[in-house]
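Coordinates as given in my_file-v7.cif (mmCIF, C-alpha atoms):
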```cif
data_input
loop_
_atom_site.group_PDB
_atom_site.id
_atom_site.type_symbol
_atom_site.label_atom_id
_atom_site.label_comp_id
_atom_site.auth_asym_id
_atom_site.auth_seq_id
_atom_site.Cartn_x
_atom_site.Cartn_y
_atom_site.Cartn_z
ATOM 1 C CA MET A 1 5.638 159.361 115.830
ATOM 2 C CA PRO A 2 7.472 157.038 113.610
ATOM 3 C CA ASP A 3 10.721 158.069 111.915
ATOM 4 C CA GLN A 4 9.815 156.675 108.574
ATOM 5 C CA PRO A 5 7.782 158.614 106.095
ATOM 6 C CA ASP A 6 4.497 157.194 104.958
ATOM 7 C CA LEU A 7 5.001 155.392 101.657
ATOM 8 C CA PRO A 8 2.286 154.057 99.497
ATOM 9 C CA ALA A 9 1.696 150.335 99.759
ATOM 10 C CA LEU A 10 3.042 148.158 96.930
ATOM 11 C CA SER A 11 0.908 145.869 94.955
ATOM 12 C CA ASP A 12 1.288 142.119 95.151
ATOM 13 C CA ASP A 13 3.016 142.010 91.786
ATOM 14 C CA ASP A 14 5.461 144.670 92.870
ATOM 15 C CA LEU A 15 6.082 142.835 96.088
ATOM 16 C CA ARG A 16 6.640 139.595 94.225
ATOM 17 C CA GLU A 17 8.990 141.275 91.800
ATOM 18 C CA THR A 18 10.877 142.915 94.688
ATOM 19 C CA LEU A 19 11.106 139.605 96.462
ATOM 20 C CA ASP A 20 12.361 137.942 93.276
ATOM 21 C CA LEU A 21 14.950 140.678 92.843
ATOM 22 C CA MET A 22 15.978 140.313 96.462
ATOM 23 C CA ALA A 23 16.148 136.511 96.093
ATOM 24 C CA THR A 24 18.240 136.913 92.935
ATOM 25 C CA ALA A 25 20.489 139.386 94.758
ATOM 26 C CA VAL A 26 20.791 137.054 97.759
ATOM 27 C CA ALA A 27 21.538 134.078 95.442
ATOM 28 C CA SER A 28 24.085 136.146 93.541
ATOM 29 C CA MET A 29 25.667 137.242 96.815
ATOM 30 C CA SER A 30 25.602 133.631 98.020
ATOM 31 C CA ASP A 31 27.355 132.523 94.804
ATOM 32 C CA ARG A 32 29.914 135.292 95.223
ATOM 33 C CA ILE A 33 30.434 134.350 98.879
ATOM 34 C CA ASP A 34 30.855 130.702 97.814
ATOM 35 C CA ASP A 35 33.373 131.796 95.161
ATOM 36 C CA LEU A 36 35.169 133.963 97.732
ATOM 37 C CA THR A 37 35.107 131.065 100.182
ATOM 38 C CA ALA A 38 36.657 128.803 97.509
ATOM 39 C CA VAL A 39 39.266 131.467 96.758
ATOM 40 C CA ALA A 40 39.919 131.883 100.495
ATOM 41 C CA ASP A 41 40.196 128.098 100.865
ATOM 42 C CA LYS A 42 42.664 127.996 97.960
ATOM 43 C CA GLN A 43 44.640 130.842 99.531
ATOM 44 C CA ILE A 44 44.632 129.068 102.891
ATOM 45 C CA LYS A 45 45.694 125.831 101.173
ATOM 46 C CA VAL A 46 48.468 127.639 99.245
ATOM 47 C CA ALA A 47 49.552 129.457 102.406
ATOM 48 C CA THR A 48 49.597 126.156 104.321
ATOM 49 C CA GLU A 49 51.604 124.460 101.565
ATOM 50 C CA ALA A 50 53.964 127.430 101.437
ATOM 51 C CA ARG A 51 54.343 127.265 105.183
ATOM 52 C CA ILE A 52 55.026 123.502 105.056
ATOM 53 C CA ALA A 53 57.537 124.083 102.233
ATOM 54 C CA ALA A 54 59.174 126.869 104.244
ATOM 55 C CA PHE A 55 59.500 124.566 107.283
ATOM 56 C CA ALA A 56 60.866 121.804 105.057
ATOM 57 C CA ALA A 57 63.326 124.231 103.474
ATOM 58 C CA ARG A 58 64.309 125.474 106.918
ATOM 59 C CA ASP A 59 64.865 121.888 108.081
ATOM 60 C CA GLN A 60 66.880 121.093 104.956
ATOM 61 C CA THR A 61 69.041 124.172 105.358
ATOM 62 C CA ASN A 62 69.476 123.651 109.106
ATOM 63 C CA PRO A 63 73.210 122.899 109.440
ATOM 64 C CA LYS A 64 72.780 120.881 112.640
ATOM 65 C CA LYS A 65 70.040 118.677 111.232
ATOM 66 C CA TYR A 66 71.872 118.298 107.917
ATOM 67 C CA GLY A 67 75.096 117.474 109.786
ATOM 68 C CA ASP A 68 73.273 114.903 111.920
ATOM 69 C CA LEU A 69 71.728 113.348 108.812
ATOM 70 C CA LEU A 70 75.096 113.305 107.071
ATOM 71 C CA GLY A 71 76.705 111.802 110.181
ATOM 72 C CA GLN A 72 74.078 109.072 110.393
ATOM 73 C CA THR A 73 74.518 108.271 106.718
ATOM 74 C CA LEU A 74 78.282 108.127 107.027
ATOM 75 C CA ASP A 75 78.070 106.066 110.194
ATOM 76 C CA SER A 76 75.761 103.577 108.548
ATOM 77 C CA HIS A 77 77.943 103.257 105.435
ATOM 78 C CA LEU A 78 81.423 103.770 106.830
ATOM 79 C CA GLY A 79 81.081 102.418 110.380
ATOM 80 C CA ALA A 80 82.386 98.935 109.578
ATOM 81 C CA THR A 81 85.215 100.351 107.483
ATOM 82 C CA ALA A 82 86.170 102.777 110.235
ATOM 83 C CA ASP A 83 86.106 99.954 112.789
ATOM 84 C CA ALA A 84 88.336 97.820 110.563
ATOM 85 C CA MET A 85 90.746 100.729 110.048
ATOM 86 C CA THR A 86 90.810 101.361 113.798
ATOM 87 C CA GLU A 87 91.713 97.704 114.373
ATOM 88 C CA ILE A 88 94.454 97.928 111.718
ATOM 89 C CA VAL A 89 95.857 101.064 113.346
ATOM 90 C CA ARG A 90 95.779 99.331 116.744
ATOM 91 C CA ARG A 91 97.609 96.308 115.356
ATOM 92 C CA LEU A 92 100.159 98.550 113.651
ATOM 93 C CA GLY A 93 100.712 100.264 116.999
ATOM 94 C CA VAL A 94 101.301 96.894 118.679
ATOM 95 C CA GLN A 95 103.705 95.837 115.914
ATOM 96 C CA THR A 96 105.491 99.184 116.158
ATOM 97 C CA ASP A 97 105.907 98.694 119.906
ATOM 98 C CA LYS A 98 107.267 95.188 119.324
ATOM 99 C CA THR A 99 109.643 96.484 116.656
ATOM 100 C CA ILE A 100 110.852 99.244 118.965
ATOM 101 C CA GLY A 101 111.410 96.650 121.695
ATOM 102 C CA ALA A 102 113.286 94.355 119.303
ATOM 103 C CA LEU A 103 115.450 97.246 118.094
ATOM 104 C CA ALA A 104 116.198 98.273 121.680
ATOM 105 C CA LYS A 105 117.140 94.667 122.539
ATOM 106 C CA SER A 106 119.280 94.490 119.402
ATOM 107 C CA GLU A 107 120.993 97.727 120.429
ATOM 108 C CA ASP A 108 121.596 96.318 123.913
ATOM 109 C CA ASP A 109 122.953 93.064 122.440
ATOM 110 C CA ARG A 110 125.220 95.024 120.108
ATOM 111 C CA SER A 111 126.475 97.126 123.025
ATOM 112 C CA THR A 112 127.071 93.964 125.065
ATOM 113 C CA ALA A 113 128.973 92.379 122.171
ATOM 114 C CA TYR A 114 131.098 95.518 121.703
ATOM 115 C CA ARG A 115 131.789 95.596 125.445
ATOM 116 C CA ALA A 116 132.809 91.906 125.414
ATOM 117 C CA VAL A 117 135.117 92.475 122.421
ATOM 118 C CA PHE A 118 136.601 95.517 124.145
ATOM 119 C CA GLU A 119 137.181 93.535 127.354
ATOM 120 C CA ARG A 120 138.829 90.689 125.386
ATOM 121 C CA GLU A 121 141.072 93.203 123.630
ATOM 122 C CA GLN A 122 141.989 94.729 126.986
ATOM 123 C CA LYS A 123 142.749 91.261 128.363
ATOM 124 C CA ALA A 124 144.853 90.448 125.273
ATOM 125 C CA ASP A 125 146.705 93.737 125.662
ATOM 126 C CA ARG A 126 147.401 92.945 129.324
ATOM 127 C CA LEU A 127 148.556 89.463 128.307
ATOM 128 C CA LYS A 128 150.817 90.951 125.625
ATOM 129 C CA SER A 129 152.299 93.366 128.105
ATOM 130 C CA GLY A 130 152.922 90.499 130.597
ATOM 131 C CA LEU A 131 154.227 88.082 127.935
ATOM 132 C CA PRO A 132 157.920 89.133 128.185
ATOM 133 C CA TRP A 133 157.788 88.656 131.944
ATOM 134 C CA PHE A 134 156.060 85.300 131.516
ATOM 135 C CA GLY A 135 158.740 84.246 129.023
ATOM 136 C CA LEU A 136 161.500 85.363 131.362
ATOM 137 C CA GLY A 137 159.834 83.499 134.254
ATOM 138 C CA ALA A 138 159.471 80.368 132.097
ATOM 139 C CA LEU A 139 163.135 80.580 131.130
ATOM 140 C CA VAL A 140 164.168 80.915 134.777
ATOM 141 C CA VAL A 141 161.934 77.959 135.757
ATOM 142 C CA ALA A 142 163.374 75.902 132.864
ATOM 143 C CA LEU A 143 166.917 76.662 133.977
ATOM 144 C CA VAL A 144 166.130 75.851 137.597
ATOM 145 C CA LEU A 145 164.416 72.620 136.591
ATOM 146 C CA THR A 146 167.271 71.727 134.323
ATOM 147 C CA VAL A 147 169.588 71.941 137.249
ATOM 148 C CA THR A 148 167.368 70.564 140.008
ATOM 149 C CA LEU A 149 165.099 68.065 138.282
ATOM 150 C CA PRO A 150 167.717 65.410 137.535
ATOM 151 C CA ARG A 151 168.999 65.654 141.084
ATOM 152 C CA PHE A 152 165.431 65.360 142.433
ATOM 153 C CA LEU A 153 164.593 62.453 140.154
ATOM 154 C CA ALA A 154 167.819 60.698 141.003
ATOM 155 C CA SER A 155 167.160 60.907 144.753
ATOM 156 C CA ASN A 156 164.488 58.213 144.664
ATOM 157 C CA ALA A 157 164.889 54.563 143.630
ATOM 158 C CA SER A 158 161.640 54.318 141.679
ATOM 159 C CA THR A 159 162.261 57.486 139.655
ATOM 160 C CA CYS A 160 165.823 56.336 139.046
ATOM 161 C CA ALA A 161 164.440 53.198 137.441
ATOM 162 C CA VAL A 162 162.089 55.291 135.303
ATOM 163 C CA LEU A 163 165.108 57.220 134.029
ATOM 164 C CA GLY A 164 166.736 53.981 133.001
ATOM 165 C CA ALA A 165 169.453 54.095 135.643
ATOM 166 C CA SER A 166 170.364 51.734 138.479
ATOM 167 C CA TRP A 167 170.034 52.439 142.160
ATOM 168 C CA THR A 168 173.194 51.340 143.931
ATOM 169 C CA THR A 169 175.134 52.021 147.068
ATOM 170 C CA THR A 170 178.591 53.528 146.716
ATOM 171 C CA THR A 171 181.723 52.400 148.618
ATOM 172 C CA THR A 172 181.235 55.233 151.038
ATOM 173 C CA GLY A 173 177.750 53.933 151.890
ATOM 174 C CA VAL A 174 175.746 56.587 150.033
ATOM 175 C CA ASP A 175 172.862 55.529 147.773
ATOM 176 C CA ALA A 176 173.144 56.845 144.227
ATOM 177 C CA CYS A 177 171.433 56.614 140.881
ATOM 178 C CA VAL A 178 174.019 55.457 138.406
ATOM 179 C CA PHE A 179 173.976 55.254 134.628
ATOM 180 C CA TYR A 180 176.155 52.459 133.252
ATOM 181 C CA ARG A 181 177.409 52.235 129.698
ATOM 182 C CA ARG A 182 176.795 49.038 128.032
#
```
Would you write the structure of this file as structure tokens?
Amino acid sequence: MPDQPDLPALSDDDLRETLDLMATAVASMSDRIDDLTAVADKQIKVATEARIAAFAARDQTNPKKYGDLLGQTLDSHLGATADAMTEIVRRLGVQTDKTIGALAKSEDDRSTAYRAVFEREQKADRLKSGLPWFGLGALVVALVLTVTLPRFLASNASTCAVLGASWTTTTTGVDACVFYRR
């Protein structure tokens, strides 16, 4: 036995009207489903845009990515300037080294000059301390030469002539250098 109760059969007009109502209901539901689909599509689109915006915001607030972007920008704009400044610093370092070398050489030259002056002063002081002895020695040599030089010069005929004297032999047979008055 069937589970449904026996209902009277509908007339064709009632069936048509029921079908029209069902078609209207299905069309209305189809319109609502289309509207809901459009709303769902809009929500999906908004959610997708929000998601894209969130990823973009995350990328823009990412310190590493922002630092890399900033570094690239600075490198592209300041790279040549930084290279030029590096070259200037290198050249300044070379010049500083040369200046230090020149100053060290100047210091060595100054020390050498001071040492030479000091040695000359020491030599002059030694000479000053030996000067009285040199003078005494010169005086002794002068006295000895004063006594011996004329005798030495007079012992030779050619030097006797240079002195303006005459070389003669004495009565005792000794050669002598003699000065005559005229």
query = Could you work out how far CA of Leu74 (chain A) lies from CA of Ala57 (chain A), giving the answer in Å with one decimal?
reply =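 Separation between CA of Ala57 (chain A) and CA of Leu74 (chain A): 22.3 Å.
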key: All residues 12 Å or closer to Asp175 (chain A), only C-alpha atoms, same chain fewer than 6 positions away omitted, as number ranges by chain   = A: 154-157, 160, 166-169
I need the residues from that last selection saved to file as a compact mmCIF listing (two decimals), keeping the file's coordinate frame (with C-alpha atoms), if you can.
```txt
# COMPACT_ATOMS: atom_id res chain seq x y z
CA ALA A 154 167.82 60.70 141.00
CA SER A 155 167.16 60.91 144.75
CA ASN A 156 164.49 58.21 144.66
CA ALA A 157 164.89 54.56 143.63
CA CYS A 160 165.82 56.34 139.05
CA SER A 166 170.36 51.73 138.48
CA TRP A 167 170.03 52.44 142.16
CA THR A 168 173.19 51.34 143.93
CA THR A 169 175.13 52.02 147.07
```
ask   = Expanded to explicit residues, what is the PyMOL selection byres ((chain A and resi 150) around 12) for this file, as number ranges by chain?
value = A: 143-149, 151-156, 159-160, 162-163, 165, 177-178
ask   = CA of Asp14 (chain A) and CA of Ile33 (chain A), how far apart in Å?
value =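 Taking CA of Ile33 (chain A) as the start and CA of Asp14 (chain A) as the end point, the length is 27.7 Å.
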For region 57-168 of chain A against region 37-53 of chain A, with a cut-off of 12 Å and counting only C-alpha atoms, what is the closest atom pair and its distance in Å to one decimal for every residue that makes the cut, ordered by chain and number, as a Markdown table?
```
| residue | atom | partner | partner_atom | distance |
| --- | --- | --- | --- | --- |
| A:Ala57 | CA | A:Ala53 | CA | 5.9 |
| A:Arg58 | CA | A:Ala53 | CA | 8.4 |
| A:Asp59 | CA | A:Ala53 | CA | 9.6 |
| A:Gln60 | CA | A:Ala53 | CA | 10.2 |
| A:Thr61 | CA | A:Ala53 | CA | 11.9 |
```
Can I get a file of region 49-176 of chain A from the given structure, C-alpha atoms kept, as an mmCIF file, in the first residue's frame?
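Okay, this is what ended up in out_4.cif:
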```cif
data_model
loop_
_atom_site.group_PDB
_atom_site.id
_atom_site.type_symbol
_atom_site.label_atom_id
_atom_site.label_comp_id
_atom_site.auth_asym_id
_atom_site.auth_seq_id
_atom_site.Cartn_x
_atom_site.Cartn_y
_atom_site.Cartn_z
ATOM 1 C CA GLU A 49 41.289 42.590 -3.965
ATOM 2 C CA ALA A 50 41.576 42.820 -0.187
ATOM 3 C CA ARG A 51 43.901 39.854 -0.204
ATOM 4 C CA ILE A 52 46.026 41.398 -2.986
ATOM 5 C CA ALA A 53 46.078 44.705 -1.071
ATOM 6 C CA ALA A 54 47.058 42.862 2.113
ATOM 7 C CA PHE A 55 49.937 41.122 0.290
ATOM 8 C CA ALA A 56 50.992 44.441 -1.235
ATOM 9 C CA ALA A 57 50.829 46.113 2.174
ATOM 10 C CA ARG A 58 52.792 43.238 3.675
ATOM 11 C CA ASP A 59 55.426 43.579 0.942
ATOM 12 C CA GLN A 60 55.585 47.345 1.441
ATOM 13 C CA THR A 61 55.959 47.006 5.190
ATOM 14 C CA ASN A 62 58.486 44.170 4.905
ATOM 15 C CA PRO A 63 61.688 45.731 6.297
ATOM 16 C CA LYS A 64 63.980 43.440 4.299
ATOM 17 C CA LYS A 65 62.262 44.118 0.992
ATOM 18 C CA TYR A 66 62.001 47.840 1.744
ATOM 19 C CA GLY A 67 65.678 47.899 2.764
ATOM 20 C CA ASP A 68 66.656 46.078 -0.432
ATOM 21 C CA LEU A 69 64.606 48.519 -2.507
ATOM 22 C CA LEU A 70 66.128 51.467 -0.673
ATOM 23 C CA GLY A 71 69.606 49.980 -1.129
ATOM 24 C CA GLN A 72 69.063 49.490 -4.852
ATOM 25 C CA THR A 73 67.801 53.043 -5.202
ATOM 26 C CA LEU A 74 70.736 54.454 -3.283
ATOM 27 C CA ASP A 75 73.187 52.299 -5.198
ATOM 28 C CA SER A 76 71.782 53.451 -8.505
ATOM 29 C CA HIS A 77 71.851 57.136 -7.518
ATOM 30 C CA LEU A 78 74.859 57.303 -5.227
ATOM 31 C CA GLY A 79 77.098 54.550 -6.626
ATOM 32 C CA ALA A 80 79.187 56.853 -8.821
ATOM 33 C CA THR A 81 79.475 59.426 -6.047
ATOM 34 C CA ALA A 82 80.519 56.768 -3.554
ATOM 35 C CA ASP A 83 83.097 55.428 -6.014
ATOM 36 C CA ALA A 84 84.489 58.930 -6.542
ATOM 37 C CA MET A 85 84.636 59.528 -2.780
ATOM 38 C CA THR A 86 86.376 56.181 -2.299
ATOM 39 C CA GLU A 87 88.981 57.193 -4.889
ATOM 40 C CA ILE A 88 89.449 60.565 -3.152
ATOM 41 C CA VAL A 89 89.900 58.840 0.206
ATOM 42 C CA ARG A 90 92.422 56.447 -1.366
ATOM 43 C CA ARG A 91 94.371 59.333 -2.877
ATOM 44 C CA LEU A 92 94.291 61.205 0.430
ATOM 45 C CA GLY A 93 95.682 58.083 2.093
ATOM 46 C CA VAL A 94 98.515 57.933 -0.452
ATOM 47 C CA GLN A 95 99.261 61.641 0.031
ATOM 48 C CA THR A 96 99.162 61.192 3.805
ATOM 49 C CA ASP A 97 101.661 58.340 3.535
ATOM 50 C CA LYS A 98 103.916 60.485 1.347
ATOM 51 C CA THR A 99 103.630 63.386 3.786
ATOM 52 C CA ILE A 100 104.471 61.112 6.707
ATOM 53 C CA GLY A 101 107.487 59.822 4.773
ATOM 54 C CA ALA A 102 108.609 63.361 3.921
ATOM 55 C CA LEU A 103 108.220 64.447 7.550
ATOM 56 C CA ALA A 104 110.188 61.416 8.739
ATOM 57 C CA LYS A 105 112.948 62.188 6.206
ATOM 58 C CA SER A 106 112.910 65.830 7.291
ATOM 59 C CA GLU A 107 113.221 64.719 10.915
ATOM 60 C CA ASP A 108 116.131 62.450 9.983
ATOM 61 C CA ASP A 109 117.800 65.274 8.025
ATOM 62 C CA ARG A 110 117.312 67.640 10.954
ATOM 63 C CA SER A 111 118.806 65.070 13.334
ATOM 64 C CA THR A 112 121.740 64.555 10.959
ATOM 65 C CA ALA A 113 122.295 68.316 10.729
ATOM 66 C CA TYR A 114 122.158 68.681 14.529
ATOM 67 C CA ARG A 115 124.596 65.780 14.886
ATOM 68 C CA ALA A 116 126.980 67.367 12.345
ATOM 69 C CA VAL A 117 126.802 70.734 14.145
ATOM 70 C CA PHE A 118 127.404 68.990 17.465
ATOM 71 C CA GLU A 119 130.412 67.118 16.045
ATOM 72 C CA ARG A 120 131.843 70.365 14.598
ATOM 73 C CA GLU A 121 131.393 72.065 17.967
ATOM 74 C CA GLN A 122 133.134 69.150 19.670
ATOM 75 C CA LYS A 123 135.975 69.361 17.143
ATOM 76 C CA ALA A 124 136.224 73.142 17.674
ATOM 77 C CA ASP A 125 136.275 72.616 21.432
ATOM 78 C CA ARG A 126 139.066 70.048 21.064
ATOM 79 C CA LEU A 127 140.934 72.468 18.794
ATOM 80 C CA LYS A 128 140.470 75.273 21.332
ATOM 81 C CA SER A 129 141.755 73.076 24.108
ATOM 82 C CA GLY A 130 144.814 72.100 21.985
ATOM 83 C CA LEU A 131 145.438 75.658 20.727
ATOM 84 C CA PRO A 132 147.751 76.725 23.611
ATOM 85 C CA TRP A 133 149.857 73.621 23.055
ATOM 86 C CA PHE A 134 149.904 74.255 19.310
ATOM 87 C CA GLY A 135 150.992 77.850 19.939
ATOM 88 C CA LEU A 136 153.706 76.720 22.324
ATOM 89 C CA GLY A 137 154.877 74.110 19.789
ATOM 90 C CA ALA A 138 154.892 76.733 17.014
ATOM 91 C CA LEU A 139 156.921 79.076 19.206
ATOM 92 C CA VAL A 140 159.438 76.326 19.967
ATOM 93 C CA VAL A 141 159.685 75.423 16.249
ATOM 94 C CA ALA A 142 160.122 79.126 15.372
ATOM 95 C CA LEU A 143 162.914 79.484 17.911
ATOM 96 C CA VAL A 144 164.626 76.317 16.721
ATOM 97 C CA LEU A 145 164.322 77.408 13.102
ATOM 98 C CA THR A 146 165.581 80.840 13.956
ATOM 99 C CA VAL A 147 168.695 79.294 15.329
ATOM 100 C CA THR A 148 169.179 76.409 12.905
ATOM 101 C CA LEU A 149 167.765 77.650 9.614
ATOM 102 C CA PRO A 150 170.452 80.222 8.826
ATOM 103 C CA ARG A 151 173.138 77.691 9.649
ATOM 104 C CA PHE A 152 171.418 75.090 7.431
ATOM 105 C CA LEU A 153 170.926 77.543 4.588
ATOM 106 C CA ALA A 154 174.487 78.752 4.851
ATOM 107 C CA SER A 155 175.898 75.219 4.584
ATOM 108 C CA ASN A 156 175.148 74.955 0.873
ATOM 109 C CA ALA A 157 176.540 77.113 -1.948
ATOM 110 C CA SER A 158 173.284 77.438 -3.877
ATOM 111 C CA THR A 159 171.230 78.463 -0.835
ATOM 112 C CA CYS A 160 173.989 80.871 0.150
ATOM 113 C CA ALA A 161 173.565 82.587 -3.198
ATOM 114 C CA VAL A 162 169.800 82.749 -2.673
ATOM 115 C CA LEU A 163 170.426 84.553 0.616
ATOM 116 C CA GLY A 164 172.518 87.112 -1.193
ATOM 117 C CA ALA A 165 175.815 86.012 0.320
ATOM 118 C CA SER A 166 179.035 84.714 -1.229
ATOM 119 C CA TRP A 167 180.422 81.232 -0.899
ATOM 120 C CA THR A 168 184.126 81.430 -0.143
ATOM 121 C CA THR A 169 186.870 79.400 1.413
ATOM 122 C CA THR A 170 188.488 80.739 4.565
ATOM 123 C CA THR A 171 192.255 80.822 5.279
ATOM 124 C CA THR A 172 191.901 77.696 7.336
ATOM 125 C CA GLY A 173 190.433 75.859 4.332
ATOM 126 C CA VAL A 174 186.812 75.763 5.510
ATOM 127 C CA ASP A 175 184.023 76.754 3.106
ATOM 128 C CA ALA A 176 181.758 79.488 4.442
#
```
